[in-house]
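Q: One file: protein_20.cif (mmCIF, N, CA and C atoms).
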data_input
loop_
_atom_site.label_atom_id
_atom_site.label_comp_id
_atom_site.auth_asym_id
_atom_site.auth_seq_id
_atom_site.Cartn_x
_atom_site.Cartn_y
_atom_site.Cartn_z
N MET A 1 85.00 141.05 73.54
CA MET A 1 84.68 139.71 73.99
C MET A 1 85.38 139.43 75.32
N ASN A 2 84.63 138.88 76.24
CA ASN A 2 85.18 138.52 77.54
C ASN A 2 86.13 137.32 77.37
N ARG A 3 87.38 137.51 77.76
CA ARG A 3 88.40 136.47 77.57
C ARG A 3 88.06 135.20 78.36
N THR A 4 87.51 135.30 79.53
CA THR A 4 87.15 134.13 80.33
C THR A 4 86.05 133.32 79.66
N ASP A 5 85.03 133.99 79.14
CA ASP A 5 83.96 133.28 78.43
C ASP A 5 84.51 132.57 77.19
N PHE A 6 85.37 133.27 76.46
CA PHE A 6 85.97 132.69 75.27
C PHE A 6 86.79 131.45 75.64
N ASP A 7 87.60 131.58 76.66
CA ASP A 7 88.43 130.46 77.12
C ASP A 7 87.55 129.27 77.52
N GLU A 8 86.52 129.52 78.27
CA GLU A 8 85.61 128.44 78.69
C GLU A 8 84.94 127.78 77.49
N ARG A 9 84.53 128.59 76.51
CA ARG A 9 83.89 128.04 75.31
C ARG A 9 84.86 127.16 74.52
N MET A 10 86.09 127.61 74.41
CA MET A 10 87.09 126.83 73.67
C MET A 10 87.43 125.54 74.42
N ARG A 11 87.59 125.61 75.73
CA ARG A 11 87.90 124.40 76.51
C ARG A 11 86.74 123.40 76.47
N ALA A 12 85.54 123.87 76.33
CA ALA A 12 84.38 122.98 76.25
C ALA A 12 84.46 122.08 75.01
N GLN A 13 85.22 122.49 74.02
CA GLN A 13 85.38 121.69 72.81
C GLN A 13 86.39 120.54 72.99
N GLU A 14 87.09 120.51 74.11
CA GLU A 14 88.02 119.41 74.41
C GLU A 14 87.20 118.27 75.01
N TYR A 15 86.46 117.58 74.16
CA TYR A 15 85.46 116.62 74.61
C TYR A 15 86.01 115.48 75.46
N PHE A 16 87.20 115.01 75.17
CA PHE A 16 87.70 113.84 75.87
C PHE A 16 88.61 114.18 77.05
N HIS A 17 88.83 115.46 77.26
CA HIS A 17 89.73 115.89 78.33
C HIS A 17 89.24 115.44 79.71
N ALA A 18 87.97 115.36 79.90
CA ALA A 18 87.43 115.00 81.21
C ALA A 18 87.34 113.49 81.42
N LEU A 19 87.72 112.70 80.41
CA LEU A 19 87.64 111.25 80.52
C LEU A 19 88.69 110.74 81.51
N ARG A 20 88.25 110.04 82.53
CA ARG A 20 89.13 109.54 83.59
C ARG A 20 89.05 108.02 83.66
N VAL A 21 90.15 107.41 84.09
CA VAL A 21 90.15 105.98 84.36
C VAL A 21 89.29 105.73 85.60
N LEU A 22 88.49 104.69 85.55
CA LEU A 22 87.61 104.38 86.67
C LEU A 22 88.38 104.27 87.98
N PRO A 23 87.87 104.86 89.05
CA PRO A 23 88.55 104.76 90.34
C PRO A 23 88.58 103.31 90.82
N GLY A 24 89.66 102.96 91.50
CA GLY A 24 89.77 101.64 92.09
C GLY A 24 90.13 100.52 91.13
N THR A 25 90.42 100.85 89.87
CA THR A 25 90.80 99.81 88.91
C THR A 25 92.31 99.77 88.75
N TRP A 26 92.80 98.59 88.44
CA TRP A 26 94.19 98.43 88.06
C TRP A 26 94.33 98.98 86.64
N ILE A 27 95.40 99.72 86.40
CA ILE A 27 95.65 100.29 85.07
C ILE A 27 96.91 99.63 84.51
N ILE A 28 96.82 99.20 83.28
CA ILE A 28 98.02 98.79 82.57
C ILE A 28 98.14 99.68 81.35
N ILE A 29 99.27 100.35 81.27
CA ILE A 29 99.59 101.16 80.10
C ILE A 29 100.45 100.27 79.21
N ARG A 30 99.99 100.06 77.99
CA ARG A 30 100.76 99.27 77.04
C ARG A 30 101.28 100.20 75.96
N VAL A 31 102.59 100.34 75.92
CA VAL A 31 103.21 101.13 74.85
C VAL A 31 103.80 100.16 73.84
N ASP A 32 103.70 100.55 72.59
CA ASP A 32 104.06 99.66 71.50
C ASP A 32 104.84 100.47 70.46
N GLY A 33 105.94 99.92 70.00
CA GLY A 33 106.75 100.60 69.00
C GLY A 33 105.99 100.76 67.68
N ARG A 34 105.94 101.98 67.19
CA ARG A 34 105.24 102.27 65.94
C ARG A 34 106.18 102.03 64.76
N GLY A 35 105.80 101.13 63.87
CA GLY A 35 106.62 100.83 62.70
C GLY A 35 107.92 100.14 63.05
N PHE A 36 107.94 99.39 64.14
CA PHE A 36 109.19 98.80 64.61
C PHE A 36 109.66 97.61 63.77
N SER A 37 108.79 97.01 62.99
CA SER A 37 109.25 95.91 62.11
C SER A 37 110.32 96.45 61.16
N ARG A 38 110.02 97.54 60.49
CA ARG A 38 110.99 98.16 59.59
C ARG A 38 112.16 98.76 60.37
N PHE A 39 111.85 99.41 61.48
CA PHE A 39 112.88 100.07 62.29
C PHE A 39 113.93 99.06 62.76
N THR A 40 113.49 97.94 63.31
CA THR A 40 114.43 96.96 63.85
C THR A 40 115.13 96.17 62.74
N GLU A 41 114.44 95.93 61.64
CA GLU A 41 115.01 95.19 60.52
C GLU A 41 116.31 95.83 60.03
N ALA A 42 116.33 97.14 60.00
CA ALA A 42 117.48 97.87 59.47
C ALA A 42 118.59 98.07 60.51
N ARG A 43 118.31 97.83 61.78
CA ARG A 43 119.27 98.19 62.82
C ARG A 43 119.68 97.07 63.76
N PHE A 44 118.87 96.02 63.86
CA PHE A 44 119.12 94.99 64.87
C PHE A 44 119.04 93.60 64.26
N GLU A 45 119.63 92.64 64.95
CA GLU A 45 119.63 91.26 64.48
C GLU A 45 118.35 90.55 64.87
N LYS A 46 117.89 89.66 63.99
CA LYS A 46 116.70 88.85 64.26
C LYS A 46 117.17 87.46 64.65
N PRO A 47 116.49 86.72 65.47
CA PRO A 47 115.21 87.05 66.09
C PRO A 47 115.37 87.79 67.42
N PHE A 48 116.60 87.82 67.97
CA PHE A 48 116.80 88.48 69.25
C PHE A 48 118.11 89.24 69.20
N ASP A 49 118.06 90.50 69.58
CA ASP A 49 119.26 91.33 69.63
C ASP A 49 119.41 91.86 71.05
N PRO A 50 120.49 91.50 71.73
CA PRO A 50 120.69 91.97 73.11
C PRO A 50 120.69 93.49 73.24
N ALA A 51 121.21 94.19 72.24
CA ALA A 51 121.23 95.66 72.31
C ALA A 51 119.81 96.22 72.27
N PHE A 52 118.96 95.66 71.42
CA PHE A 52 117.57 96.09 71.37
C PHE A 52 116.86 95.79 72.69
N HIS A 53 117.10 94.61 73.22
CA HIS A 53 116.49 94.22 74.51
C HIS A 53 116.90 95.20 75.61
N THR A 54 118.16 95.60 75.62
CA THR A 54 118.64 96.56 76.62
C THR A 54 117.94 97.91 76.46
N LEU A 55 117.76 98.35 75.21
CA LEU A 55 117.04 99.61 74.96
C LEU A 55 115.61 99.54 75.49
N MET A 56 114.95 98.41 75.25
CA MET A 56 113.57 98.24 75.73
C MET A 56 113.52 98.19 77.26
N GLN A 57 114.51 97.55 77.88
CA GLN A 57 114.56 97.51 79.34
C GLN A 57 114.76 98.92 79.91
N GLN A 58 115.64 99.70 79.30
CA GLN A 58 115.86 101.08 79.75
C GLN A 58 114.58 101.90 79.62
N THR A 59 113.88 101.71 78.52
CA THR A 59 112.64 102.43 78.28
C THR A 59 111.59 102.02 79.32
N ALA A 60 111.47 100.73 79.58
CA ALA A 60 110.52 100.24 80.58
C ALA A 60 110.87 100.79 81.96
N GLN A 61 112.14 100.80 82.29
CA GLN A 61 112.56 101.30 83.61
C GLN A 61 112.22 102.78 83.76
N ASN A 62 112.43 103.56 82.71
CA ASN A 62 112.11 104.98 82.80
C ASN A 62 110.61 105.21 82.94
N LEU A 63 109.81 104.45 82.20
CA LEU A 63 108.35 104.53 82.38
C LEU A 63 107.97 104.17 83.81
N PHE A 64 108.56 103.10 84.32
CA PHE A 64 108.28 102.62 85.67
C PHE A 64 108.54 103.73 86.71
N VAL A 65 109.68 104.38 86.59
CA VAL A 65 110.05 105.44 87.54
C VAL A 65 109.17 106.68 87.35
N GLU A 66 109.09 107.17 86.12
CA GLU A 66 108.36 108.41 85.85
C GLU A 66 106.88 108.32 86.19
N LEU A 67 106.28 107.15 85.96
CA LEU A 67 104.83 107.01 86.17
C LEU A 67 104.49 106.24 87.44
N GLN A 68 105.50 105.97 88.26
CA GLN A 68 105.31 105.32 89.56
C GLN A 68 104.61 103.97 89.42
N GLY A 69 105.16 103.14 88.55
CA GLY A 69 104.60 101.82 88.33
C GLY A 69 104.88 100.87 89.47
N VAL A 70 104.18 99.74 89.45
CA VAL A 70 104.44 98.69 90.44
C VAL A 70 105.03 97.44 89.77
N TYR A 71 104.93 97.37 88.45
CA TYR A 71 105.49 96.24 87.69
C TYR A 71 105.58 96.66 86.23
N ALA A 72 106.65 96.22 85.58
CA ALA A 72 106.79 96.48 84.14
C ALA A 72 107.26 95.20 83.47
N TYR A 73 106.74 94.98 82.28
CA TYR A 73 107.07 93.80 81.49
C TYR A 73 107.30 94.23 80.05
N THR A 74 108.39 93.75 79.46
CA THR A 74 108.63 94.07 78.06
C THR A 74 108.83 92.79 77.27
N GLU A 75 108.24 92.80 76.09
CA GLU A 75 108.35 91.68 75.15
C GLU A 75 108.38 92.29 73.75
N SER A 76 109.43 91.97 73.01
CA SER A 76 109.59 92.49 71.66
C SER A 76 109.60 94.02 71.70
N ASP A 77 108.71 94.69 70.98
CA ASP A 77 108.69 96.16 70.95
C ASP A 77 107.55 96.72 71.80
N GLU A 78 107.16 95.97 72.80
CA GLU A 78 106.00 96.34 73.62
C GLU A 78 106.39 96.35 75.11
N ILE A 79 105.83 97.32 75.83
CA ILE A 79 106.03 97.41 77.27
C ILE A 79 104.67 97.53 77.93
N SER A 80 104.45 96.73 78.97
CA SER A 80 103.24 96.83 79.78
C SER A 80 103.65 97.32 81.16
N LEU A 81 103.03 98.41 81.58
CA LEU A 81 103.34 99.02 82.88
C LEU A 81 102.10 98.97 83.76
N LEU A 82 102.23 98.34 84.92
CA LEU A 82 101.11 98.18 85.85
C LEU A 82 101.11 99.33 86.86
N LEU A 83 99.92 99.94 87.03
CA LEU A 83 99.71 100.99 88.03
C LEU A 83 98.65 100.50 89.00
N CYS A 84 98.86 100.76 90.29
CA CYS A 84 97.95 100.25 91.31
C CYS A 84 96.61 101.00 91.32
N PRO A 85 95.58 100.40 91.90
CA PRO A 85 94.25 101.03 91.91
C PRO A 85 94.22 102.41 92.58
N GLU A 86 95.16 102.68 93.47
CA GLU A 86 95.18 103.97 94.17
C GLU A 86 95.97 105.04 93.41
N TRP A 87 96.53 104.70 92.27
CA TRP A 87 97.36 105.61 91.49
C TRP A 87 96.57 106.86 91.13
N LYS A 88 97.18 108.04 91.32
CA LYS A 88 96.42 109.28 91.15
C LYS A 88 97.09 110.33 90.27
N LEU A 89 98.25 110.04 89.69
CA LEU A 89 98.90 111.05 88.86
C LEU A 89 97.97 111.54 87.75
N PHE A 90 98.09 112.79 87.41
CA PHE A 90 97.33 113.41 86.31
C PHE A 90 95.82 113.25 86.51
N ASP A 91 95.40 113.07 87.74
CA ASP A 91 93.98 112.89 88.06
C ASP A 91 93.36 111.75 87.25
N ARG A 92 94.21 110.76 86.89
CA ARG A 92 93.80 109.57 86.13
C ARG A 92 93.19 109.92 84.77
N GLU A 93 93.59 111.05 84.20
CA GLU A 93 93.08 111.49 82.90
C GLU A 93 93.61 110.58 81.79
N VAL A 94 92.71 110.02 81.01
CA VAL A 94 93.06 109.10 79.94
C VAL A 94 94.00 109.76 78.93
N GLU A 95 93.65 110.96 78.46
CA GLU A 95 94.48 111.66 77.48
C GLU A 95 95.91 111.84 77.98
N LYS A 96 96.06 112.24 79.22
CA LYS A 96 97.39 112.45 79.79
C LYS A 96 98.15 111.13 79.86
N LEU A 97 97.48 110.08 80.32
CA LEU A 97 98.15 108.78 80.46
C LEU A 97 98.70 108.28 79.14
N VAL A 98 97.88 108.30 78.10
CA VAL A 98 98.34 107.75 76.83
C VAL A 98 99.36 108.67 76.15
N SER A 99 99.17 109.97 76.23
CA SER A 99 100.11 110.86 75.54
C SER A 99 101.45 110.93 76.27
N ILE A 100 101.43 111.05 77.58
CA ILE A 100 102.68 111.17 78.33
C ILE A 100 103.46 109.86 78.31
N SER A 101 102.78 108.73 78.44
CA SER A 101 103.50 107.45 78.41
C SER A 101 104.15 107.22 77.04
N ALA A 102 103.44 107.52 75.96
CA ALA A 102 104.02 107.38 74.63
C ALA A 102 105.19 108.34 74.46
N GLY A 103 105.06 109.54 74.99
CA GLY A 103 106.14 110.53 74.91
C GLY A 103 107.38 110.10 75.68
N ILE A 104 107.19 109.60 76.89
CA ILE A 104 108.32 109.13 77.69
C ILE A 104 109.03 107.98 76.99
N ALA A 105 108.26 107.02 76.50
CA ALA A 105 108.86 105.87 75.81
C ALA A 105 109.61 106.31 74.56
N SER A 106 109.00 107.17 73.76
CA SER A 106 109.64 107.63 72.52
C SER A 106 110.93 108.39 72.82
N ALA A 107 110.89 109.29 73.78
CA ALA A 107 112.07 110.09 74.12
C ALA A 107 113.18 109.22 74.70
N THR A 108 112.84 108.32 75.62
CA THR A 108 113.85 107.48 76.25
C THR A 108 114.54 106.59 75.23
N PHE A 109 113.73 105.90 74.41
CA PHE A 109 114.30 104.99 73.42
C PHE A 109 115.14 105.76 72.39
N THR A 110 114.62 106.89 71.91
CA THR A 110 115.33 107.69 70.91
C THR A 110 116.67 108.16 71.43
N LEU A 111 116.70 108.68 72.65
CA LEU A 111 117.97 109.17 73.21
C LEU A 111 118.97 108.04 73.40
N ALA A 112 118.50 106.89 73.87
CA ALA A 112 119.39 105.76 74.11
C ALA A 112 119.90 105.15 72.80
N CYS A 113 119.05 105.12 71.79
CA CYS A 113 119.36 104.48 70.51
C CYS A 113 120.05 105.44 69.53
N GLN A 114 119.88 106.73 69.75
CA GLN A 114 120.39 107.76 68.84
C GLN A 114 119.74 107.69 67.45
N GLN A 115 118.52 107.13 67.42
CA GLN A 115 117.71 107.08 66.20
C GLN A 115 116.27 107.40 66.61
N ALA A 116 115.61 108.21 65.82
CA ALA A 116 114.23 108.58 66.15
C ALA A 116 113.33 107.34 66.13
N ALA A 117 112.59 107.16 67.22
CA ALA A 117 111.66 106.04 67.35
C ALA A 117 110.38 106.56 67.99
N HIS A 118 109.26 105.95 67.63
CA HIS A 118 107.97 106.41 68.14
C HIS A 118 107.19 105.25 68.73
N PHE A 119 106.49 105.55 69.81
CA PHE A 119 105.63 104.58 70.47
C PHE A 119 104.21 105.12 70.51
N ASP A 120 103.24 104.21 70.44
CA ASP A 120 101.87 104.59 70.75
C ASP A 120 101.52 103.95 72.08
N SER A 121 100.37 104.31 72.61
CA SER A 121 100.01 103.86 73.94
C SER A 121 98.52 103.62 74.03
N ARG A 122 98.14 102.66 74.86
CA ARG A 122 96.72 102.39 75.13
C ARG A 122 96.59 101.93 76.57
N LEU A 123 95.36 101.91 77.06
CA LEU A 123 95.11 101.51 78.45
C LEU A 123 94.30 100.23 78.49
N TRP A 124 94.59 99.43 79.49
CA TRP A 124 93.81 98.23 79.81
C TRP A 124 93.44 98.38 81.28
N LEU A 125 92.20 98.07 81.63
CA LEU A 125 91.75 98.20 83.02
C LEU A 125 91.31 96.86 83.55
N GLY A 126 91.67 96.60 84.79
CA GLY A 126 91.26 95.38 85.47
C GLY A 126 90.66 95.69 86.82
N VAL A 127 89.66 94.91 87.21
CA VAL A 127 88.99 95.19 88.47
C VAL A 127 89.58 94.41 89.64
N ASP A 128 90.37 93.36 89.35
CA ASP A 128 90.96 92.59 90.45
C ASP A 128 92.29 91.98 90.02
N VAL A 129 92.99 91.42 90.99
CA VAL A 129 94.32 90.87 90.74
C VAL A 129 94.26 89.71 89.74
N ALA A 130 93.21 88.91 89.80
CA ALA A 130 93.09 87.78 88.86
C ALA A 130 93.09 88.27 87.42
N GLN A 131 92.40 89.37 87.14
CA GLN A 131 92.40 89.91 85.79
C GLN A 131 93.79 90.42 85.39
N VAL A 132 94.49 91.03 86.34
CA VAL A 132 95.84 91.53 86.06
C VAL A 132 96.76 90.35 85.73
N ILE A 133 96.66 89.28 86.48
CA ILE A 133 97.47 88.08 86.21
C ILE A 133 97.13 87.53 84.83
N ASP A 134 95.85 87.47 84.50
CA ASP A 134 95.44 87.01 83.18
C ASP A 134 96.03 87.89 82.08
N TYR A 135 96.04 89.20 82.30
CA TYR A 135 96.61 90.11 81.30
C TYR A 135 98.07 89.73 81.02
N PHE A 136 98.86 89.57 82.08
CA PHE A 136 100.28 89.29 81.89
C PHE A 136 100.52 87.89 81.33
N HIS A 137 99.63 86.94 81.59
CA HIS A 137 99.71 85.64 80.91
C HIS A 137 99.45 85.82 79.42
N TRP A 138 98.51 86.67 79.09
CA TRP A 138 98.16 86.96 77.70
C TRP A 138 99.33 87.60 76.95
N ARG A 139 100.00 88.54 77.59
CA ARG A 139 101.11 89.24 76.93
C ARG A 139 102.33 88.36 76.89
#
Show this structure as structure tokens.

A:
Amino acid sequence: MNRTDFDERMRAQEYFHALRVLPGTWIIIRVDGRGFSRFTEARFEKPFDPAFHTLMQQTAQNLFVELQGVYAYTESDEISLLLCPEWKLFDREVEKLVSISAGIASATFTLACQQAAHFDSRLWLGVDVAQVIDYFHWR
């Protein structure tokens, strides 16, 4: 069997790999702590714990730097990271954006907290500044 043909056939099964964020759109990556209600209940004070807030700020800052953000906002166990319309890392691949951002957040928070923590990630797209402002009012 020709290894190149086999490789091409196998890569063809990666159906979502070619999915890209629309060019010229504002991207907001929203990472959210997975199972953080239980996680924080056992480790932090309610309703607000300065140590938890510091961990979330550190996580947001690392996402901001690593992914070349233009603005980051954190509330509770959620971080929203704004990327400009010209942003080109990872060729704007959706799979890369959600997996790498969740990985960065999980690793940063875990190392800072010394407790395993997991984040999931999703994308929000806006076509103009007004929509971006609306997003941050919403969050």

Q: Looking at only N, CA and C atoms, which of A:Val31, A:Leu82, A:Leu67, A:Val94 is the one that sits closest to A:Asp120?

A: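 Going through A:Val31, A:Leu82, A:Leu67, A:Val94 one by one, the smallest distance to A:Asp120 is for A:Val31.
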
Q: List the residues selected by the PyMOL selection byres ((chain A and resi 34) around 8) in the file shown, writing them as a PyMOL selection string.

A: chain A and resi 31-33+35-39+77+117-120

Q: Which one is closest to A:Ala112: A:Thr54, A:Tyr15, A:Glu8, A:Ile27? Count only C-alpha atoms.

A: A:Thr54

Q: Please measure the separation of atom CA of A:Ala105 and atom CA of A:Leu83, giving the value in Å to one decimal.

A: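 The value is 16.0 Å.
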
Q: With a distance cut-off of 8 Å and only C-alpha atoms, select the neighbouring residues of A:Glu93, excluding the residue or stretch itself and same-chain residues fewer than 4 positions from it, and output the selection as a ChimeraX atom specification.

A: /A:17-21,97

Q: Can you measure atom N of A:Gly126 to atom N of A:Thr25 for me? One decimal in Å is fine.

A: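 Rounded to one decimal, the two atoms are 6.7 Å apart.
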
Q: Name the residues in contact with A:Ile28 at a cut-off of 8 Å, using all atoms listed in the file, excluding same-chain residues fewer than 5 positions from it; report them as a PyMOL selection string.

A: chain A and resi 79-84+122-126

Q: Hey, what does DSSP flag as helix (DSSP H, G or I) within stretch 34-103 of chain A? Can you give it to me as a ChimeraX atom specification?

A: /A:36-43,50-66,89-92,94-103

Q: Could you please determine the separation between atom C of A:Gln57 and atom CA of A:Ile104 in Å, to one decimal place?

A: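 Result for atom C of A:Gln57 versus atom CA of A:Ile104: 12.3 Å, one decimal.
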